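Scroll down for the structure; my scribbles are underneath it.
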Amino acid sequence: MRTFGVEEELLIVDPDTGEPLALADAMLSGRRMAADDAPERPYALAAKEKTAHDDWTGLTAELKLEQIETQTRPCLEYAELLQQIRAGRLLADQAATKNGARVAALATSPFGLASHTTPDARYARMLERFGLTAQEQLTCGFHVHTFIESKDEGVAVLDRIRDKLAVLTALSANSPFWNGMPTGFESYRTQAWNRWPMSGPSAIFSTYSAYRRVVTRLLDSGVLLDEGMIYFDARLSRNHPTVEVRVADVCLRAEDAALIAVLVRALVESASREWRDGVEPAPVPTVLLRMAAWQASSSGLNGELLDFGTFRPAPAVDVVRSLVDYLAPVLAEQNELSLARQGIEDIIARGTGSTEQRRVRDAVMEESAPDDGGLGAVVAHAVRVTMRGTSGLREADEVPELLRVRLS
C-alpha cells in the first residue's frame with residue numbers, strides 16, 4: 001500500500017454571523033517553533049525552506065487570513081486518515097475558539113466580504129502581480145498526496161489520471177455561494193481558482209525531463225512568480241516523493257474527504273500499473289479536460305458529467321460509479337472496495353456539500369426569511385458538520401503533531 005496524506009483549507013468564521021474573520025495570524029501566534037527546533041519526521045522540510053507563517057504543530061497560514069490549513073501525516077488506511085483529518089479540524093477549531101471564532105469546511109464563503117492577505121513577502125508580490133484574482137482568492141481546497149517511487153513514475157501517473165480528475169471535482173463540490181449570492185455552480189471554487197494563469201489540467205508529458213522542460217518554460221515566461229504557482233490539477237510535489245491531486249473542494253464531511261483520498265490513491269496505483277504494463281495514456285485533448293472540469297464544477301452530481309471514457313454527456317451518478325468500477329481491482333486488493341462503493345452511494349443519496357448548503361438555506365428561508373438570506377444558518381450548519389466525529393478525540397495539547405506533507 002502506498003502512503004497518502006491530505007491538506008485541508010478551512011474557513012475561519014464568526015460563530016454568531018457566519019462571516020469570515022481574518023484571524024489566522026492570531027490562531028498561529030505562539031504556536032510556531034523555529035525550524036531548527038522541530039523534531040525530525042517523515043517528509044520534513046529543510047530549515048532554510050521554512051517561512052515565518054509555518055506551524056510545526058499542524059496548522060499553516062495560507063494566502064488569506066480568513067483561512068487556515070491543516071495537514072495529516074502520511075497514512076496507510078482510511079480509518080487512520082479519517083482520524084487525522086478529524087484531529088486536524090479539532091486542532092484548528094480549538095485555536096479558532098480561543099480567538100472567538102470557529103472553523104468551517106466550506107470551499108467558498110457564502111458572504112461577500114473583503115478578505116485580507118496574509119502578511120508575507122511572497123503573498124504581497126502575488127497581490128501586486130495578479131490584482132483582483134489574488135484579492136478575491138478566498139477559496140478552500142483539498143489536496144491529496146500519494147507516495148511515488150520515482151519522478152518517472154510520478155509523471156507516468158500524471159499522464160494517466162488526468163482524464164478522470166473532473167469526477168473528483170463533482171464528488172467534492174462544496175461551494176454554491178459567492179459574494180452573498182447563489183452562483184448556479186456546485187463548485188464555484190473551481191471557477192474562481194481557475195483564474196490563476198497556470199491552473200487546470202495539463203497535457204501529457206511522457207517523461208520527467210519533458211515535465212521539467214514545461215515547468216522551466218512556464219517560469220521563463222515571467223508570468224509566474226515561482227514554481228509554487230504551477231497550479232496543475234495534479235503535479236509532482238517539489239519537496240516530497242508524492243503526486244499531489246488538487247482538484248477537490250474542501251469537503252463538508254470528514255468521511256467524504258477520506259473517501260476521496262482513498263479514490264486518489266487507487267487512481268495513482270492503477271495508473272502506475274498501467275505504465276508498468278505498457279498501457280499508453282488516453283490521448284484526450286487538454287481542451288476537452290477543461291470542458292469536463294467546467295461541467296463538473298457546474299453540475300456536480302446533479303444532471304450530467306462528461307464520461308471519462310467517451311467524453312460525451314452521461315448521468316453524473318453513472319460516471320461516478322464507473323470510476324469506482326475502473327478502480328475496483330486495486331480497491332479490492334486494498335480491502336477498500338466495499339468502503340468506496342458505500343461511500344459513493346452515501347454521497348449520491350444525501351448530496352454533496354453544495355446540495356447540503358442549499359438545502360439548509362432553503363429550509364431557513366421557507367420558515368423565516370432572515371436578513372442575511374439564510375447564509376448565516378448555512379455557515380452554522382457547516383461548523384457543526386465540520387466538527388462531527390471530533391468529540392472523542394483528545395484535547396489539542398495532547399493530539400499528536402500532524403505532520404505536514406508539503407509546503408508550496
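Every chain in the C-alpha cells has a letter given in the order shown (A, B, ...), and although residue numbers restart at 1 in each chain, ligands are simply numbered from 1 in the order shown.
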Using the chain letters and numbers from this document, which residues of segment 81-223 of chain A does DSSP assign to strand (DSSP E), as number ranges by chain? A: 102-104, 141-147, 177-178, 181-182, 199-200
Mind checking which residues fall within 10 Å of Thr355 of chain A, counting only C-alpha atoms, ignoring those fewer than 4 positions away in the same chain, and posting them as number ranges by chain? A: 173-176, 186, 300-302, 350-351, 359-360
Find the spatial neighbours of Gly343 of chain A, counting only C-alpha atoms, within a cut-off of 8 Å - ignore same-chain residues fewer than 4 positions away - and output them as a ChimeraX atom specification. /A:256,259,339,347
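Computed from the coordinates, the atom CA of Glu274 of chain A to atom CA of Cys75 of chain A distance equals 23.9 Å.
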Rank A:Leu218, A:Ser272, A:Leu168, A:Arg162 by their smallest atom-to-atom distance to Ile344 of chain A, using only C-alpha atoms, and report the top residue only. A:Leu168
Pick out the residues sitting within 6 Å of Gly18 of chain A, and hand them over as a list of chain:residue names; count only C-alpha atoms, and ignore anything fewer than 2 positions along from it in its own chain. A:Val13, A:Asp14, A:Pro15, A:Asp16, A:Gly376, A:Val379
So that I have them on file, write out the residues from the current selection with N, CA, C and O atoms, as a short mmCIF file (atom, residue, chain, number, x, y, z; two decimals), in the first residue's frame.
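Saved file selection_22.cif follows:
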data_model
loop_
_atom_site.label_atom_id
_atom_site.label_comp_id
_atom_site.auth_asym_id
_atom_site.auth_seq_id
_atom_site.Cartn_x
_atom_site.Cartn_y
_atom_site.Cartn_z
N VAL A 13 -14.56 31.57 10.80
CA VAL A 13 -15.83 32.29 10.73
C VAL A 13 -16.26 32.80 12.10
O VAL A 13 -15.89 32.27 13.15
N ASP A 14 -17.09 33.84 12.05
CA ASP A 14 -17.73 34.38 13.24
C ASP A 14 -18.83 33.40 13.68
O ASP A 14 -19.71 33.07 12.88
N PRO A 15 -18.81 32.94 14.93
CA PRO A 15 -19.80 31.95 15.35
C PRO A 15 -21.23 32.49 15.41
O PRO A 15 -22.18 31.70 15.43
N ASP A 16 -21.38 33.80 15.44
CA ASP A 16 -22.72 34.39 15.52
C ASP A 16 -23.28 34.74 14.14
O ASP A 16 -24.44 34.45 13.84
N GLY A 376 -26.25 32.77 7.15
CA GLY A 376 -25.73 32.53 8.48
C GLY A 376 -26.05 31.12 8.96
O GLY A 376 -25.22 30.45 9.59
N VAL A 379 -23.66 28.61 7.33
CA VAL A 379 -22.35 28.54 7.97
C VAL A 379 -22.44 27.83 9.32
O VAL A 379 -21.59 27.00 9.66
#
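Minimum distance to Ala170 of chain A across A:Ala121, A:Val320, A:Thr286, A:Asp371 (counting only C-alpha atoms) occurs at A:Val320.
Among A:Thr146, A:Ser109, A:Ser221, A:Ser202, the residue with the shortest atom-to-atom distance to Glu269 of chain A, counting only C-alpha atoms, is A:Thr146.
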Skipping near chain neighbours, those fewer than 4 positions away, what residues fall within 6 Å of segment 244-253 of chain A using only C-alpha atoms, listed as number ranges by chain? A: 105, 107, 140-145, 169, 172-174, 233-235, 257, 353, 386
For the selection just defined, write its residues with N, CA and C atoms to a file, as a compact mmCIF listing (two decimals), in the first residue's frame.
# COMPACT_ATOMS: atom_id res chain seq x y z
N ALA A 105 -15.66 23.82 7.15
CA ALA A 105 -15.16 23.23 5.91
C ALA A 105 -16.07 23.66 4.75
N ALA A 107 -15.81 25.57 0.91
CA ALA A 107 -14.82 25.86 -0.13
C ALA A 107 -14.85 27.31 -0.58
N CYS A 140 -11.13 27.51 -0.46
CA CYS A 140 -10.58 26.45 0.37
C CYS A 140 -10.61 25.12 -0.39
N GLY A 141 -9.44 24.60 -0.67
CA GLY A 141 -9.32 23.36 -1.42
C GLY A 141 -8.92 22.19 -0.54
N PHE A 142 -8.84 21.04 -1.18
CA PHE A 142 -8.50 19.78 -0.51
C PHE A 142 -7.49 19.08 -1.40
N HIS A 143 -6.28 18.90 -0.90
CA HIS A 143 -5.18 18.35 -1.70
C HIS A 143 -4.76 17.00 -1.16
N VAL A 144 -4.63 16.03 -2.04
CA VAL A 144 -4.27 14.66 -1.66
C VAL A 144 -2.88 14.34 -2.20
N HIS A 145 -2.00 13.90 -1.31
CA HIS A 145 -0.64 13.48 -1.68
C HIS A 145 -0.55 11.96 -1.59
N THR A 169 -13.86 16.47 -8.69
CA THR A 169 -14.43 17.81 -8.50
C THR A 169 -15.93 17.71 -8.25
N SER A 172 -16.74 16.25 -4.73
CA SER A 172 -16.38 17.09 -3.59
C SER A 172 -17.10 18.43 -3.59
N ALA A 173 -17.90 18.73 -4.59
CA ALA A 173 -18.48 20.06 -4.78
C ALA A 173 -19.09 20.60 -3.49
N ASN A 174 -18.59 21.78 -3.05
CA ASN A 174 -18.99 22.31 -1.75
C ASN A 174 -18.89 23.83 -1.74
N ASP A 233 -3.83 20.70 -12.08
CA ASP A 233 -4.79 19.90 -11.33
C ASP A 233 -4.11 18.77 -10.55
N ALA A 234 -3.06 18.24 -11.12
CA ALA A 234 -2.22 17.27 -10.43
C ALA A 234 -0.77 17.57 -10.81
N ARG A 235 0.11 17.49 -9.84
CA ARG A 235 1.51 17.86 -10.08
C ARG A 235 2.42 17.01 -9.20
N ALA A 257 -14.06 13.43 2.72
CA ALA A 257 -12.68 13.79 2.42
C ALA A 257 -11.79 12.55 2.40
N GLY A 353 -21.69 18.51 -0.53
CA GLY A 353 -21.73 19.65 0.37
C GLY A 353 -22.53 20.81 -0.19
N THR A 386 -18.66 20.10 10.18
CA THR A 386 -17.20 20.06 10.13
C THR A 386 -16.62 19.35 11.34
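Take atom CA of Leu224 of chain A and atom CA of Thr133 of chain A: the distance between them is 13.4 Å.
The shell of residues at most 10 Å from Phe311 of chain A, with only C-alpha atoms counted and near chain neighbours (fewer than 6 positions) removed, consists of A:Asp163, A:Val284, A:Leu288, A:Leu289, A:Met291, A:Ala292, A:Leu305.
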Using only all heavy atoms, please write the residues we just selected to a file, as a PDB file, in the first residue's frame.
ATOM      1  N   ASP A 163      -7.512  12.376 -17.154  1.00  0.00           N
ATOM      2  CA  ASP A 163      -8.834  12.303 -17.760  1.00  0.00           C
ATOM      3  C   ASP A 163      -9.925  11.938 -16.755  1.00  0.00           C
ATOM      4  O   ASP A 163     -11.112  11.973 -17.093  1.00  0.00           O
ATOM      5  CB  ASP A 163      -8.837  11.280 -18.914  1.00  0.00           C
ATOM      6  CG  ASP A 163      -8.310   9.917 -18.515  1.00  0.00           C
ATOM      7  OD1 ASP A 163      -7.477   9.844 -17.593  1.00  0.00           O
ATOM      8  OD2 ASP A 163      -8.724   8.903 -19.124  1.00  0.00           O
ATOM      9  N   VAL A 284      -6.467  12.318 -24.577  1.00  0.00           N
ATOM     10  CA  VAL A 284      -7.573  13.274 -24.523  1.00  0.00           C
ATOM     11  C   VAL A 284      -7.018  14.691 -24.620  1.00  0.00           C
ATOM     12  O   VAL A 284      -6.133  15.070 -23.842  1.00  0.00           O
ATOM     13  CB  VAL A 284      -8.364  13.114 -23.212  1.00  0.00           C
ATOM     14  CG1 VAL A 284      -9.546  14.066 -23.192  1.00  0.00           C
ATOM     15  CG2 VAL A 284      -8.822  11.672 -23.033  1.00  0.00           C
ATOM     16  N   LEU A 288     -10.591  19.378 -23.936  1.00  0.00           N
ATOM     17  CA  LEU A 288     -11.717  18.543 -23.502  1.00  0.00           C
ATOM     18  C   LEU A 288     -11.691  18.342 -21.991  1.00  0.00           C
ATOM     19  O   LEU A 288     -12.737  18.282 -21.342  1.00  0.00           O
ATOM     20  CB  LEU A 288     -11.664  17.186 -24.204  1.00  0.00           C
ATOM     21  CG  LEU A 288     -12.557  16.996 -25.432  1.00  0.00           C
ATOM     22  CD1 LEU A 288     -12.447  15.572 -25.952  1.00  0.00           C
ATOM     23  CD2 LEU A 288     -14.014  17.327 -25.118  1.00  0.00           C
ATOM     24  N   LEU A 289     -10.490  18.227 -21.427  1.00  0.00           N
ATOM     25  CA  LEU A 289     -10.385  18.108 -19.975  1.00  0.00           C
ATOM     26  C   LEU A 289     -10.897  19.367 -19.293  1.00  0.00           C
ATOM     27  O   LEU A 289     -11.540  19.303 -18.242  1.00  0.00           O
ATOM     28  CB  LEU A 289      -8.944  17.831 -19.565  1.00  0.00           C
ATOM     29  CG  LEU A 289      -8.312  16.541 -20.100  1.00  0.00           C
ATOM     30  CD1 LEU A 289      -6.915  16.375 -19.534  1.00  0.00           C
ATOM     31  CD2 LEU A 289      -9.177  15.329 -19.761  1.00  0.00           C
ATOM     32  N   MET A 291     -13.206  21.280 -20.471  1.00  0.00           N
ATOM     33  CA  MET A 291     -14.660  21.202 -20.606  1.00  0.00           C
ATOM     34  C   MET A 291     -15.246  20.286 -19.543  1.00  0.00           C
ATOM     35  O   MET A 291     -16.278  20.597 -18.921  1.00  0.00           O
ATOM     36  CB  MET A 291     -15.033  20.694 -21.995  1.00  0.00           C
ATOM     37  CG  MET A 291     -16.472  20.932 -22.380  1.00  0.00           C
ATOM     38  SD  MET A 291     -16.793  22.653 -22.781  1.00  0.00           S
ATOM     39  CE  MET A 291     -15.919  22.780 -24.344  1.00  0.00           C
ATOM     40  N   ALA A 292     -14.588  19.140 -19.312  1.00  0.00           N
ATOM     41  CA  ALA A 292     -15.067  18.202 -18.294  1.00  0.00           C
ATOM     42  C   ALA A 292     -15.012  18.826 -16.907  1.00  0.00           C
ATOM     43  O   ALA A 292     -15.930  18.639 -16.094  1.00  0.00           O
ATOM     44  CB  ALA A 292     -14.240  16.923 -18.338  1.00  0.00           C
ATOM     45  N   LEU A 305     -22.321  14.582 -16.297  1.00  0.00           N
ATOM     46  CA  LEU A 305     -20.885  14.841 -16.395  1.00  0.00           C
ATOM     47  C   LEU A 305     -20.417  14.346 -17.754  1.00  0.00           C
ATOM     48  O   LEU A 305     -21.141  13.624 -18.446  1.00  0.00           O
ATOM     49  CB  LEU A 305     -20.128  14.088 -15.298  1.00  0.00           C
ATOM     50  CG  LEU A 305     -20.400  14.488 -13.850  1.00  0.00           C
ATOM     51  CD1 LEU A 305     -19.665  13.552 -12.893  1.00  0.00           C
ATOM     52  CD2 LEU A 305     -19.990  15.934 -13.606  1.00  0.00           C
TER      53      LEU A 305
END
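Closest approach to Trp294 of chain A from the set A:Thr118, A:Ser338, A:Thr190, A:Thr352 is made by A:Thr190, with distances taken over only C-alpha atoms.
Note that the spacing between atom CA of Ile148 of chain A and atom CA of Ser187 of chain A amounts to 28.9 Å.
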